[in-house]
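Coordinates as given in model05.cif (mmCIF, C-alpha atoms):
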data_data
#
loop_
_atom_site.label_atom_id
_atom_site.label_comp_id
_atom_site.auth_asym_id
_atom_site.auth_seq_id
_atom_site.Cartn_x
_atom_site.Cartn_y
_atom_site.Cartn_z
CA MET A 1 30.23 66.60 -19.91
CA ARG A 2 28.47 66.27 -16.55
CA THR A 3 29.73 64.60 -13.36
CA LYS A 4 27.88 63.69 -10.15
CA GLY A 5 29.22 62.90 -7.40
CA LYS A 6 20.90 37.09 12.42
CA PHE A 7 23.11 34.89 11.67
CA PHE A 8 22.86 32.70 14.82
CA VAL A 9 25.32 33.72 17.53
CA ALA A 10 26.16 31.38 20.38
CA VAL A 11 28.29 32.06 23.41
CA ILE A 12 29.90 28.84 24.54
CA MET A 13 33.20 27.56 25.86
CA MET A 14 35.32 25.84 23.24
CA CYS A 15 38.67 24.11 23.63
CA PHE A 16 40.52 23.17 20.47
CA ALA A 17 43.63 21.17 19.84
CA TYR A 18 45.96 24.06 19.08
CA THR A 19 44.80 26.83 21.39
CA PRO A 20 43.47 27.10 24.95
CA ALA A 21 39.86 27.88 25.78
CA VAL A 22 38.86 31.53 25.68
CA ASN A 23 35.86 33.19 27.33
CA ALA A 24 33.31 35.47 25.67
CA GLN A 25 33.78 34.11 22.16
CA HIS A 26 31.25 34.56 19.37
CA TRP A 27 30.40 32.99 16.04
CA TYR A 28 31.05 35.22 13.01
CA LYS A 29 29.90 34.33 9.51
CA GLY A 30 31.98 35.42 6.53
CA ASN A 31 32.99 34.98 2.91
CA LEU A 32 36.60 35.52 1.83
CA HIS A 33 36.27 35.06 -1.94
CA THR A 34 34.01 37.18 -4.15
CA HIS A 35 34.36 39.62 -7.04
CA SER A 36 33.09 43.03 -8.13
CA LEU A 37 33.38 45.25 -11.19
CA TRP A 38 36.92 45.99 -10.04
CA SER A 39 37.76 42.70 -11.80
CA ASP A 40 35.32 40.20 -13.32
CA GLY A 41 32.25 40.57 -11.12
CA ASP A 42 29.12 42.25 -12.51
CA ASP A 43 28.14 44.58 -9.65
CA TYR A 44 29.47 47.53 -7.68
CA PRO A 45 31.31 46.89 -4.42
CA GLU A 46 28.79 48.87 -2.35
CA MET A 47 25.90 46.79 -3.71
CA ILE A 48 27.77 43.55 -3.04
CA THR A 49 28.81 44.55 0.46
CA GLU A 50 25.24 45.56 1.31
CA TRP A 51 23.95 42.21 0.04
CA TYR A 52 26.23 40.28 2.37
CA LYS A 53 25.56 42.52 5.35
CA THR A 54 21.79 42.29 4.95
CA HIS A 55 21.98 38.51 4.52
CA GLY A 56 23.49 37.86 7.94
CA TYR A 57 27.20 37.95 7.25
CA ASN A 58 29.62 39.54 9.71
CA PHE A 59 32.61 39.94 7.42
CA ILE A 60 33.40 39.98 3.73
CA GLY A 61 36.54 40.17 1.62
CA LEU A 62 36.21 41.28 -1.99
CA SER A 63 39.03 39.48 -3.77
CA GLU A 64 39.87 40.96 -7.16
CA HIS A 65 42.31 39.36 -9.58
CA ASN A 66 45.81 40.74 -8.94
CA LYS A 67 44.53 44.03 -7.55
CA ILE A 68 43.01 45.67 -4.52
CA GLN A 69 40.35 48.38 -4.61
CA GLU A 70 42.49 51.48 -4.63
CA GLY A 71 43.29 54.26 -7.12
CA SER A 72 41.18 55.73 -9.91
CA ASN A 73 39.08 53.25 -11.87
CA TRP A 74 36.45 54.39 -14.38
CA ILE A 75 34.47 51.69 -16.21
CA LEU A 76 32.48 51.90 -19.44
CA VAL A 77 28.81 50.94 -19.06
CA ASN A 78 27.64 49.52 -22.37
CA SER A 79 26.19 46.02 -21.87
CA ASP A 80 22.64 45.15 -20.83
CA VAL A 81 23.88 43.68 -17.54
CA GLY A 82 26.07 46.73 -17.01
CA LYS A 83 23.15 49.11 -17.52
CA LYS A 84 20.98 47.06 -15.18
CA ALA A 85 23.68 47.14 -12.53
CA TYR A 86 24.19 50.88 -12.98
CA ASN A 87 20.49 51.71 -12.65
CA LYS A 88 20.21 49.67 -9.45
CA TYR A 89 23.36 51.31 -8.11
CA LEU A 90 22.13 54.82 -8.94
CA ASN A 91 18.70 54.18 -7.41
CA ARG A 92 20.29 52.92 -4.21
CA PHE A 93 23.17 55.36 -3.72
CA GLY A 94 22.05 58.42 -5.70
CA SER A 95 24.33 61.42 -5.30
CA LEU A 96 27.17 59.22 -4.04
CA VAL A 97 27.55 57.77 -7.54
CA ASP A 98 30.24 59.36 -9.73
CA TYR A 99 29.43 59.14 -13.43
CA VAL A 100 30.31 60.87 -16.68
CA HIS A 101 28.32 61.16 -19.91
CA TRP A 102 30.50 61.77 -22.96
CA ALA A 103 28.80 61.57 -26.36
CA ASN A 104 27.03 58.18 -26.23
CA ASP A 105 29.27 56.76 -23.53
CA LEU A 106 28.48 56.36 -19.85
CA ARG A 107 31.41 55.89 -17.51
CA VAL A 108 31.21 55.26 -13.77
CA ARG A 109 33.97 55.61 -11.21
CA LEU A 110 34.32 52.63 -8.93
CA LYS A 111 34.67 53.56 -5.27
CA THR A 112 37.77 52.43 -3.42
CA LEU A 113 37.48 50.29 -0.32
CA GLU A 114 38.47 53.20 1.89
CA GLU A 115 35.72 55.34 0.35
CA TYR A 116 32.84 52.94 0.97
CA ARG A 117 34.08 51.07 4.06
CA GLY A 118 32.47 53.59 6.41
CA LEU A 119 29.03 53.05 4.88
CA PHE A 120 28.86 49.49 6.15
CA GLU A 121 31.28 48.67 8.92
CA GLU A 122 29.89 48.46 12.47
CA LYS A 123 32.03 47.48 15.41
CA GLY A 124 31.18 43.97 16.51
CA LYS A 125 28.66 43.49 13.70
CA PHE A 126 30.26 43.84 10.29
CA MET A 127 33.71 44.41 8.84
CA ILE A 128 35.45 44.34 5.46
CA LEU A 129 38.81 42.68 4.87
CA GLN A 130 41.13 43.87 2.14
CA ASN A 131 41.61 40.75 0.02
CA GLU A 132 43.16 39.87 -3.31
CA GLU A 133 42.90 36.84 -5.56
CA ILE A 134 46.51 36.30 -6.55
CA THR A 135 46.08 34.94 -10.04
CA SER A 136 48.71 32.83 -11.77
CA ASN A 137 48.63 30.07 -14.36
CA LEU A 138 50.78 27.29 -15.73
CA ASN A 139 50.20 26.07 -19.28
CA SER A 140 46.82 27.86 -19.26
CA HIS A 141 45.78 26.06 -16.05
CA PRO A 142 44.52 28.45 -13.33
CA LEU A 143 46.40 28.71 -10.04
CA HIS A 144 44.45 31.13 -7.86
CA MET A 145 44.99 31.97 -4.19
CA VAL A 146 43.14 34.47 -2.00
CA ALA A 147 45.21 36.54 0.41
CA SER A 148 43.16 38.09 3.22
CA ASN A 149 43.84 41.26 5.20
CA ILE A 150 46.70 42.34 2.94
CA LYS A 151 48.16 45.84 2.77
CA TYR A 152 49.39 45.95 -0.81
CA VAL A 153 49.07 43.96 -4.04
CA ILE A 154 50.99 40.73 -4.57
CA GLU A 155 51.63 39.91 -8.21
CA GLY A 156 50.84 36.59 -9.82
CA GLN A 157 53.79 34.22 -9.62
CA TYR A 158 55.67 32.24 -12.25
CA GLY A 159 57.26 28.83 -12.04
CA LYS A 160 57.88 25.54 -13.82
CA THR A 161 55.44 23.52 -11.68
CA ASN A 162 52.19 24.05 -9.79
CA THR A 163 54.04 23.37 -6.54
CA GLU A 164 56.62 26.06 -7.27
CA ILE A 165 53.97 28.68 -8.08
CA ILE A 166 51.88 27.86 -5.00
CA GLN A 167 54.98 27.95 -2.78
CA LYS A 168 56.11 31.29 -4.19
CA THR A 169 52.64 32.74 -3.55
CA VAL A 170 52.58 31.49 0.04
CA ASN A 171 56.05 32.91 0.58
CA GLN A 172 55.07 36.32 -0.78
CA VAL A 173 52.05 36.54 1.51
CA ASN A 174 54.05 35.48 4.55
CA GLU A 175 56.80 37.96 3.73
CA GLN A 176 54.23 40.76 3.56
CA ARG A 177 52.79 39.61 6.89
CA LYS A 178 56.23 39.75 8.49
CA GLU A 179 57.01 43.14 6.94
CA THR A 180 53.71 44.86 7.81
CA GLY A 181 52.83 43.13 11.07
CA ARG A 182 49.31 42.50 9.76
CA LYS A 183 47.66 39.14 10.40
CA THR A 184 47.55 38.07 6.76
CA ILE A 185 46.60 34.60 5.53
CA VAL A 186 46.40 32.86 2.17
CA GLN A 187 44.22 30.03 0.88
CA LEU A 188 44.52 27.84 -2.20
CA ASN A 189 41.39 28.27 -4.31
CA HIS A 190 39.25 25.73 -6.19
CA PRO A 191 41.84 23.03 -6.99
CA ASN A 192 39.39 21.40 -9.44
CA PHE A 193 38.80 24.55 -11.49
CA GLY A 194 40.15 23.29 -14.80
CA TYR A 195 41.32 20.29 -12.74
CA ALA A 196 44.49 22.33 -12.39
CA VAL A 197 45.79 21.26 -8.96
CA THR A 198 46.19 17.79 -7.48
CA ALA A 199 46.95 16.60 -3.98
CA ALA A 200 50.47 15.76 -5.15
CA ASP A 201 50.95 19.39 -6.19
CA ILE A 202 49.98 20.63 -2.72
CA MET A 203 51.83 18.10 -0.55
CA PRO A 204 55.33 19.62 -0.84
CA VAL A 205 54.15 23.21 -0.17
CA LYS A 206 55.39 24.57 3.16
CA ASN A 207 53.30 26.86 5.40
CA LEU A 208 50.04 26.46 3.46
CA ARG A 209 47.24 26.36 6.03
CA PHE A 210 43.99 26.89 4.10
CA PHE A 211 42.24 25.73 0.96
CA GLU A 212 38.73 25.72 -0.48
CA VAL A 213 36.92 22.49 0.27
CA HIS A 214 33.71 23.93 -1.20
CA ASN A 215 33.52 26.68 -3.81
CA GLY A 216 30.06 27.86 -4.89
CA ALA A 217 30.96 28.38 -8.56
CA PRO A 218 29.64 25.57 -10.79
CA ALA A 219 32.87 25.29 -12.80
CA THR A 220 34.97 24.42 -9.75
CA HIS A 221 33.88 20.75 -9.66
CA ASN A 222 33.94 20.18 -5.91
CA TYR A 223 32.97 16.53 -6.39
CA GLY A 224 35.61 15.70 -8.99
CA ASN A 225 34.88 13.08 -11.64
CA ALA A 226 35.83 9.56 -12.63
CA VAL A 227 39.52 10.42 -12.95
CA ASN A 228 39.91 13.47 -10.67
CA ASP A 229 39.60 13.48 -6.88
CA SER A 230 36.94 15.50 -5.11
CA THR A 231 38.14 18.43 -3.03
CA GLU A 232 37.44 16.42 0.12
CA VAL A 233 39.65 13.56 -1.05
CA ILE A 234 42.37 16.06 -1.99
CA TRP A 235 42.05 17.57 1.49
CA ASP A 236 42.51 14.25 3.27
CA LYS A 237 45.36 13.12 1.04
CA VAL A 238 47.28 16.32 1.69
CA ASN A 239 46.63 16.12 5.41
CA LEU A 240 47.90 12.56 5.59
CA GLN A 241 51.20 13.75 4.13
CA PHE A 242 51.28 16.82 6.39
CA TYR A 243 50.62 14.59 9.40
CA LYS A 244 53.44 12.21 8.47
CA GLU A 245 55.83 15.16 8.27
CA GLY A 246 54.65 16.62 11.59
CA ARG A 247 53.30 19.76 9.92
CA PRO A 248 50.14 21.72 10.85
CA LEU A 249 47.07 20.31 9.10
CA LEU A 250 45.37 22.03 6.17
CA TYR A 251 42.02 23.65 6.99
CA GLY A 252 39.02 23.73 4.65
CA ASN A 253 37.09 26.87 3.69
CA GLY A 254 33.71 27.41 2.07
CA VAL A 255 33.38 30.38 -0.31
CA ASP A 256 31.03 31.84 -2.89
CA ASP A 257 33.51 33.01 -5.55
CA THR A 258 30.64 35.20 -6.75
CA HIS A 259 30.70 36.92 -10.12
CA ASN A 260 26.96 37.19 -10.91
CA TYR A 261 24.62 39.22 -8.70
CA HIS A 262 21.67 40.15 -10.91
CA GLU A 263 20.17 36.78 -11.80
CA MET A 264 20.06 33.98 -9.27
CA LYS A 265 20.06 30.54 -10.87
CA PRO A 266 22.13 27.38 -11.22
CA GLY A 267 24.91 27.79 -13.74
CA LEU A 268 25.84 31.27 -12.56
CA ASN A 269 28.33 32.24 -9.84
CA ASN A 270 25.88 33.57 -7.27
CA PRO A 271 26.25 34.73 -3.65
CA GLY A 272 25.10 32.80 -0.59
CA ARG A 273 26.27 29.33 -1.53
CA ALA A 274 29.11 28.65 0.95
CA TRP A 275 30.83 30.42 3.82
CA ILE A 276 32.86 30.00 6.97
CA VAL A 277 31.73 30.49 10.56
CA VAL A 278 34.54 31.56 12.88
CA TYR A 279 34.57 31.35 16.66
CA ALA A 280 36.56 34.41 17.70
CA ALA A 281 37.04 36.74 20.64
CA GLU A 282 35.97 39.78 18.63
CA LEU A 283 35.19 40.91 15.12
CA THR A 284 38.60 42.23 14.07
CA PRO A 285 40.96 41.02 11.35
CA SER A 286 43.49 39.82 13.91
CA ALA A 287 40.94 37.91 15.96
CA ILE A 288 39.42 36.24 12.90
CA VAL A 289 42.84 35.19 11.61
CA ASP A 290 43.90 33.92 15.05
CA ALA A 291 40.75 31.80 15.29
CA MET A 292 41.18 30.41 11.78
CA GLU A 293 44.81 29.52 12.37
CA GLY A 294 43.68 27.73 15.53
CA GLY A 295 41.06 25.75 13.59
CA ARG A 296 38.20 27.35 15.51
CA TYR A 297 35.75 27.51 12.64
CA TYR A 298 33.75 25.42 10.22
CA ALA A 299 32.65 25.68 6.59
CA SER A 300 29.01 25.44 5.58
CA THR A 301 26.51 25.62 2.75
CA GLY A 302 23.57 25.99 5.12
CA VAL A 303 23.96 23.81 8.22
CA VAL A 304 24.34 25.83 11.43
CA LEU A 305 26.12 24.42 14.48
CA GLU A 306 24.93 25.33 17.96
CA ASP A 307 27.92 23.72 19.62
CA LEU A 308 31.32 22.53 18.44
CA SER A 309 34.21 21.57 20.69
CA PHE A 310 37.36 19.52 20.82
CA SER A 311 38.77 18.67 24.23
CA ASN A 312 40.21 15.60 25.93
CA LYS A 313 40.60 14.00 22.48
CA LYS A 314 36.82 14.21 21.93
CA ILE A 315 35.00 16.01 19.13
CA SER A 316 31.49 17.07 20.13
CA LEU A 317 28.94 18.91 18.02
CA ARG A 318 25.28 19.81 17.96
CA VAL A 319 23.31 21.08 14.98
CA LYS A 320 20.74 23.84 15.15
CA GLN A 321 17.78 21.85 13.89
CA GLU A 322 15.20 22.93 11.37
CA ASP A 323 11.69 21.49 11.39
CA GLY A 324 11.28 18.64 8.95
CA VAL A 325 15.02 18.35 8.28
CA THR A 326 17.08 15.29 9.21
CA TYR A 327 20.85 15.14 9.71
CA LYS A 328 23.63 12.63 9.27
CA ILE A 329 26.95 13.25 11.01
CA GLN A 330 30.03 11.51 9.67
CA PHE A 331 33.39 11.44 11.40
CA ILE A 332 35.98 11.07 8.65
CA GLY A 333 39.67 10.44 9.17
CA VAL A 334 42.72 8.32 8.58
CA ARG A 335 43.86 5.50 10.84
CA LYS A 336 47.37 4.26 11.43
CA GLY A 337 48.55 1.97 8.66
CA LYS A 338 45.95 3.26 6.18
CA ASP A 339 46.73 5.34 3.10
CA ARG A 340 43.34 7.01 2.68
CA SER A 341 40.49 8.50 4.67
CA GLU A 342 37.32 6.67 5.58
CA ILE A 343 34.12 7.18 7.53
CA LEU A 344 35.06 6.14 11.06
CA LYS A 345 31.64 6.66 12.60
CA GLU A 346 28.23 7.79 11.35
CA VAL A 347 25.35 9.05 13.47
CA ALA A 348 21.79 9.76 12.36
CA GLY A 349 20.68 12.82 14.30
CA ALA A 350 21.59 16.37 15.20
CA GLU A 351 24.12 15.63 17.94
CA ALA A 352 27.18 13.41 18.04
CA GLU A 353 30.64 12.94 19.49
CA TYR A 354 33.76 11.03 18.59
CA ILE A 355 36.66 10.08 20.84
CA LEU A 356 39.94 9.80 18.97
CA GLY A 357 41.57 6.43 19.57
CA GLY A 358 45.24 5.54 19.52
CA ASP A 359 45.07 4.51 15.86
CA ASP A 360 43.38 7.72 14.68
CA LEU A 361 45.83 10.06 12.95
CA PHE A 362 43.33 12.87 12.36
CA VAL A 363 39.55 13.19 12.26
CA ARG A 364 37.07 15.76 10.96
CA ALA A 365 33.28 15.86 10.94
CA LYS A 366 30.92 16.29 8.02
CA ILE A 367 27.27 17.13 8.68
CA ILE A 368 24.87 16.31 5.86
CA SER A 369 21.26 17.51 6.02
CA SER A 370 18.25 16.31 4.05
CA LYS A 371 17.46 19.89 3.01
CA LEU A 372 18.09 20.70 -0.63
CA LYS A 373 20.31 23.72 -1.09
CA GLU A 374 18.56 26.70 -2.65
CA ASN A 375 20.13 27.93 -5.90
CA VAL A 376 22.60 25.06 -6.09
CA SER A 377 25.96 25.09 -7.80
CA ALA A 378 25.53 21.36 -8.54
CA ILE A 379 22.20 19.60 -9.01
CA GLY A 380 21.21 17.61 -5.93
CA ASP A 381 23.31 19.61 -3.44
CA VAL A 382 22.02 19.41 0.12
CA GLU A 383 23.01 21.73 2.93
CA THR A 384 26.26 20.52 4.46
CA ALA A 385 28.95 21.58 6.92
CA TRP A 386 32.57 20.57 7.48
CA THR A 387 34.55 20.95 10.70
CA GLN A 388 38.34 21.21 10.72
CA PRO A 389 40.51 18.11 11.21
CA VAL A 390 42.00 17.48 14.64
CA THR A 391 44.65 15.13 16.00
CA ARG A 392 45.26 13.50 19.36
CA LYS A 393 48.38 15.63 19.87
#
Show me, as structure tokens, the structure contained in the file I just sent.
Amino acid sequence: MRTKGKFFVAVIMMCFAYTPAVNAQHWYKGNLHTHSLWSDGDDYPEMITEWYKTHGYNFIGLSEHNKIQEGSNWILVNSDVGKKAYNKYLNRFGSLVDYVHWANDLRVRLKTLEEYRGLFEEKGKFMILQNEEITSNLNSHPLHMVASNIKYVIEGQYGKTNTEIIQKTVNQVNEQRKETGRKTIVQLNHPNFGYAVTAADIMPVKNLRFFEVHNGAPATHNYGNAVNDSTEVIWDKVNLQFYKEGRPLLYGNGVDDTHNYHEMKPGLNNPGRAWIVVYAAELTPSAIVDAMEGGRYYASTGVVLEDLSFSNKKISLRVKQEDGVTYKIQFIGVRKGKDRSEILKEVAGAEAEYILGGDDLFVRAKIISSKLKENVSAIGDVETAWTQPVTRK
């Protein structure tokens, strides 16, 4: 036996509905939902983290199913993909790789987050959040939620309904936040994965602030089908109910949900498909969470915003234009007396604004480009961005 050891940054003044303006803010790009060999991903956490850092991200959270990256974890390398991943890992990190040959077996020890964090983190440039995908199910239907910046594992929950399981998960995360003092948040993942979660399931849940409006995995069915709502329709339906009850609105996240890192093609769960861009005072877990809870961020699959503000009941935005690409900006919301969302205004161009009128309950913006998304999760995807909903209040 033998063992061996630029994303675009803008500095602007922004004033949002729920928080006052703050000086010296910056845009930070991140992904909160992705997987490694610690659960059902096919690459090592160091390789994944390096990919995101070198592709312009400022923060990443590896979210394993019902676990965090701590303790001893040796994996057996026996598949073709596993051997490919191992060879790439060994070539890149050399003597830092811990492996064991025993007879015909090759086993590799997965590094914990605390072991590899120091290889990548840079103050103000890149950080790693300790995340977990809290994984539950009801009648074989998946109910997954990512908790970000947690301290210890939260087990999958049990219940008689989707609503009960989601509520229990939210409660567990919030109890840990209160106990530890860490700024911890939780999002509901891919409601259309297995068409497991409906708007009606989400509406009764208290203290849920985030959900995935766009998940880069092909099986998550962001656009719904003839009998199931799209994630955007789910979003607006839930927010109409939240608004009626005087509750904080639900915010929409973009994520990769990556599992496959060695072959980039449609049909696989690849990195780089969707993310969030957060406008925060600094690159720390607390600052990112504060900004997200204040709605100071947007989700994107490629569109970059140069300016985004909400003040005096006016949403204003400006897109960072690419040569040869056109843009359509839609302001989507619900008006008094209506029971569904609609396009309230549409502008052809890279800059637009919308003033909320007395009949507008809440409004969000969707920016649709003419540029086809590279390595799409769904055929025909174009680069798109979504801002968070705002109200007149």
>> Which residues are near region 325-342 of chain A? Cut-off 9 Å, only C-alpha atoms, ignore same chain within fewer than 2 positions. Put them as number ranges by chain.
In response: A: 233, 236-237, 240, 319, 321-323, 344-354, 358-371, 389
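Put simply, the PyMOL selection byres ((chain A and resi 255) around 7) on this file hits A:Asn31, A:Leu32, A:His33, A:His214, A:Asn215, A:Gly216, A:Asn253, A:Gly254, A:Asp256, A:Asp257, A:Ala274, A:Trp275.
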May I have the residues from that selection written out with C-alpha atoms, as a PDB file, in the coordinates of the input?
ATOM      1  CA  ASN A  31      32.990  34.980   2.910  1.00  0.00           C
ATOM      2  CA  LEU A  32      36.600  35.520   1.830  1.00  0.00           C
ATOM      3  CA  HIS A  33      36.270  35.060  -1.940  1.00  0.00           C
ATOM      4  CA  HIS A 214      33.710  23.930  -1.200  1.00  0.00           C
ATOM      5  CA  ASN A 215      33.520  26.680  -3.810  1.00  0.00           C
ATOM      6  CA  GLY A 216      30.060  27.860  -4.890  1.00  0.00           C
ATOM      7  CA  ASN A 253      37.090  26.870   3.690  1.00  0.00           C
ATOM      8  CA  GLY A 254      33.710  27.410   2.070  1.00  0.00           C
ATOM      9  CA  ASP A 256      31.030  31.840  -2.890  1.00  0.00           C
ATOM     10  CA  ASP A 257      33.510  33.010  -5.550  1.00  0.00           C
ATOM     11  CA  ALA A 274      29.110  28.650   0.950  1.00  0.00           C
ATOM     12  CA  TRP A 275      30.830  30.420   3.820  1.00  0.00           C
TER      13      TRP A 275
END
> Which one is closest to His35 (chain A): A:Asn269, A:Asn222, A:Thr54, A:Thr169? Count all atoms listed in the file.
Replying inline: A:Asn269
> Which residues match the PyMOL selection byres ((chain A and resi 199) around 8) in the file above, as a list in words?
Replying inline: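 Against this file, the PyMOL selection byres ((chain A and resi 199) around 8) returns the residues Val197, Thr198, Ala200, Asp201, Ile202, Met203, Ile234, Trp235, Lys237 and Val238 of chain A.
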> Which residues match the PyMOL selection byres ((chain A and resi 120) around 12) in the file above, as a list of chain:residue names?
Replying inline: A:Pro45, A:Glu46, A:Met47, A:Ile48, A:Thr49, A:Glu50, A:Trp51, A:Tyr52, A:Lys53, A:Thr54, A:Tyr57, A:Asn58, A:Phe59, A:Ile60, A:Leu113, A:Glu114, A:Glu115, A:Tyr116, A:Arg117, A:Gly118, A:Leu119, A:Glu121, A:Glu122, A:Lys123, A:Gly124, A:Lys125, A:Phe126, A:Met127, A:Ile128
> CA of Thr391 (chain A) and CA of Lys320 (chain A) are how many Å apart?
Replying inline: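 Between CA of Thr391 (chain A) and CA of Lys320 (chain A) the gap is 25.5 Å.
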> So what do you get for CA of Ile134 (chain A) versus CA of Thr220 (chain A), distance-wise?
Replying inline: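 Computing the Euclidean distance for CA of Ile134 (chain A) and CA of Thr220 (chain A) yields 16.9 Å.
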> If we count all atoms listed in the file, what is near Gln130 (chain A) at a cut-off of 7 Å, once residues fewer than 3 positions away on the same chain are taken out, given as a list in words?
Replying inline: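 With the cut-off at 7 Å, the set is Gly61, Leu62, Ser148, Asn149 and Ile150 of chain A.
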Would you mind exporting the chosen residues as a compact mmCIF listing (two decimals), in the frame of the given file, restricted to C-alpha atoms?
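Saved to part_14.txt:
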# COMPACT_ATOMS: atom_id res chain seq x y z
CA GLY A 61 36.54 40.17 1.62
CA LEU A 62 36.21 41.28 -1.99
CA SER A 148 43.16 38.09 3.22
CA ASN A 149 43.84 41.26 5.20
CA ILE A 150 46.70 42.34 2.94
> Can you list, as a ChimeraX atom specification, every protein, DNA or RNA residue that comes within 6 Å of region 70-81 of chain A when you count all atoms listed in the file, leaving out same-chain residues fewer than 6 positions away?
Replying inline: /A:106-110,112
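Between CA of Val376 (chain A) and CA of Met145 (chain A) there is a distance of 23.5 Å.
Each of A:Ile68, A:Leu305, A:Ala85, A:Ile165 was compared to Asn137 (chain A) using only C-alpha atoms, and A:Ile165 turns out to be the nearest.
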Write a file for region 253-282 of chain A of the given structure; include C-alpha atoms and format it as a PDB file, in the first residue's frame.
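New file result.pdb:
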ATOM      1  CA  ASN A 253     -32.200  32.851  -8.159  1.00  0.00           C
ATOM      2  CA  GLY A 254     -30.283  31.463 -11.116  1.00  0.00           C
ATOM      3  CA  VAL A 255     -28.090  28.404 -10.493  1.00  0.00           C
ATOM      4  CA  ASP A 256     -26.133  25.753 -12.346  1.00  0.00           C
ATOM      5  CA  ASP A 257     -26.953  22.657 -10.277  1.00  0.00           C
ATOM      6  CA  THR A 258     -23.850  21.180 -11.905  1.00  0.00           C
ATOM      7  CA  HIS A 259     -23.087  17.471 -11.779  1.00  0.00           C
ATOM      8  CA  ASN A 260     -21.048  16.996 -14.985  1.00  0.00           C
ATOM      9  CA  TYR A 261     -17.722  18.775 -15.495  1.00  0.00           C
ATOM     10  CA  HIS A 262     -15.814  16.682 -18.037  1.00  0.00           C
ATOM     11  CA  GLU A 263     -18.002  16.892 -21.127  1.00  0.00           C
ATOM     12  CA  MET A 264     -19.800  20.099 -22.023  1.00  0.00           C
ATOM     13  CA  LYS A 265     -22.956  19.506 -24.039  1.00  0.00           C
ATOM     14  CA  PRO A 266     -26.737  19.843 -23.891  1.00  0.00           C
ATOM     15  CA  GLY A 267     -28.318  17.057 -21.892  1.00  0.00           C
ATOM     16  CA  LEU A 268     -25.687  17.147 -19.163  1.00  0.00           C
ATOM     17  CA  ASN A 269     -25.685  19.247 -15.985  1.00  0.00           C
ATOM     18  CA  ASN A 270     -22.814  21.579 -16.847  1.00  0.00           C
ATOM     19  CA  PRO A 271     -21.363  24.688 -15.161  1.00  0.00           C
ATOM     20  CA  GLY A 272     -21.794  28.249 -16.391  1.00  0.00           C
ATOM     21  CA  ARG A 273     -25.472  28.197 -17.285  1.00  0.00           C
ATOM     22  CA  ALA A 274     -27.057  30.484 -14.667  1.00  0.00           C
ATOM     23  CA  TRP A 275     -25.944  32.588 -11.712  1.00  0.00           C
ATOM     24  CA  ILE A 276     -26.778  35.530  -9.495  1.00  0.00           C
ATOM     25  CA  VAL A 277     -25.103  38.932  -9.421  1.00  0.00           C
ATOM     26  CA  VAL A 278     -25.253  40.595  -6.013  1.00  0.00           C
ATOM     27  CA  TYR A 279     -24.734  44.268  -5.248  1.00  0.00           C
ATOM     28  CA  ALA A 280     -23.036  44.229  -1.852  1.00  0.00           C
ATOM     29  CA  ALA A 281     -20.805  46.368   0.335  1.00  0.00           C
ATOM     30  CA  GLU A 282     -18.091  43.706   0.445  1.00  0.00           C
TER      31      GLU A 282
END
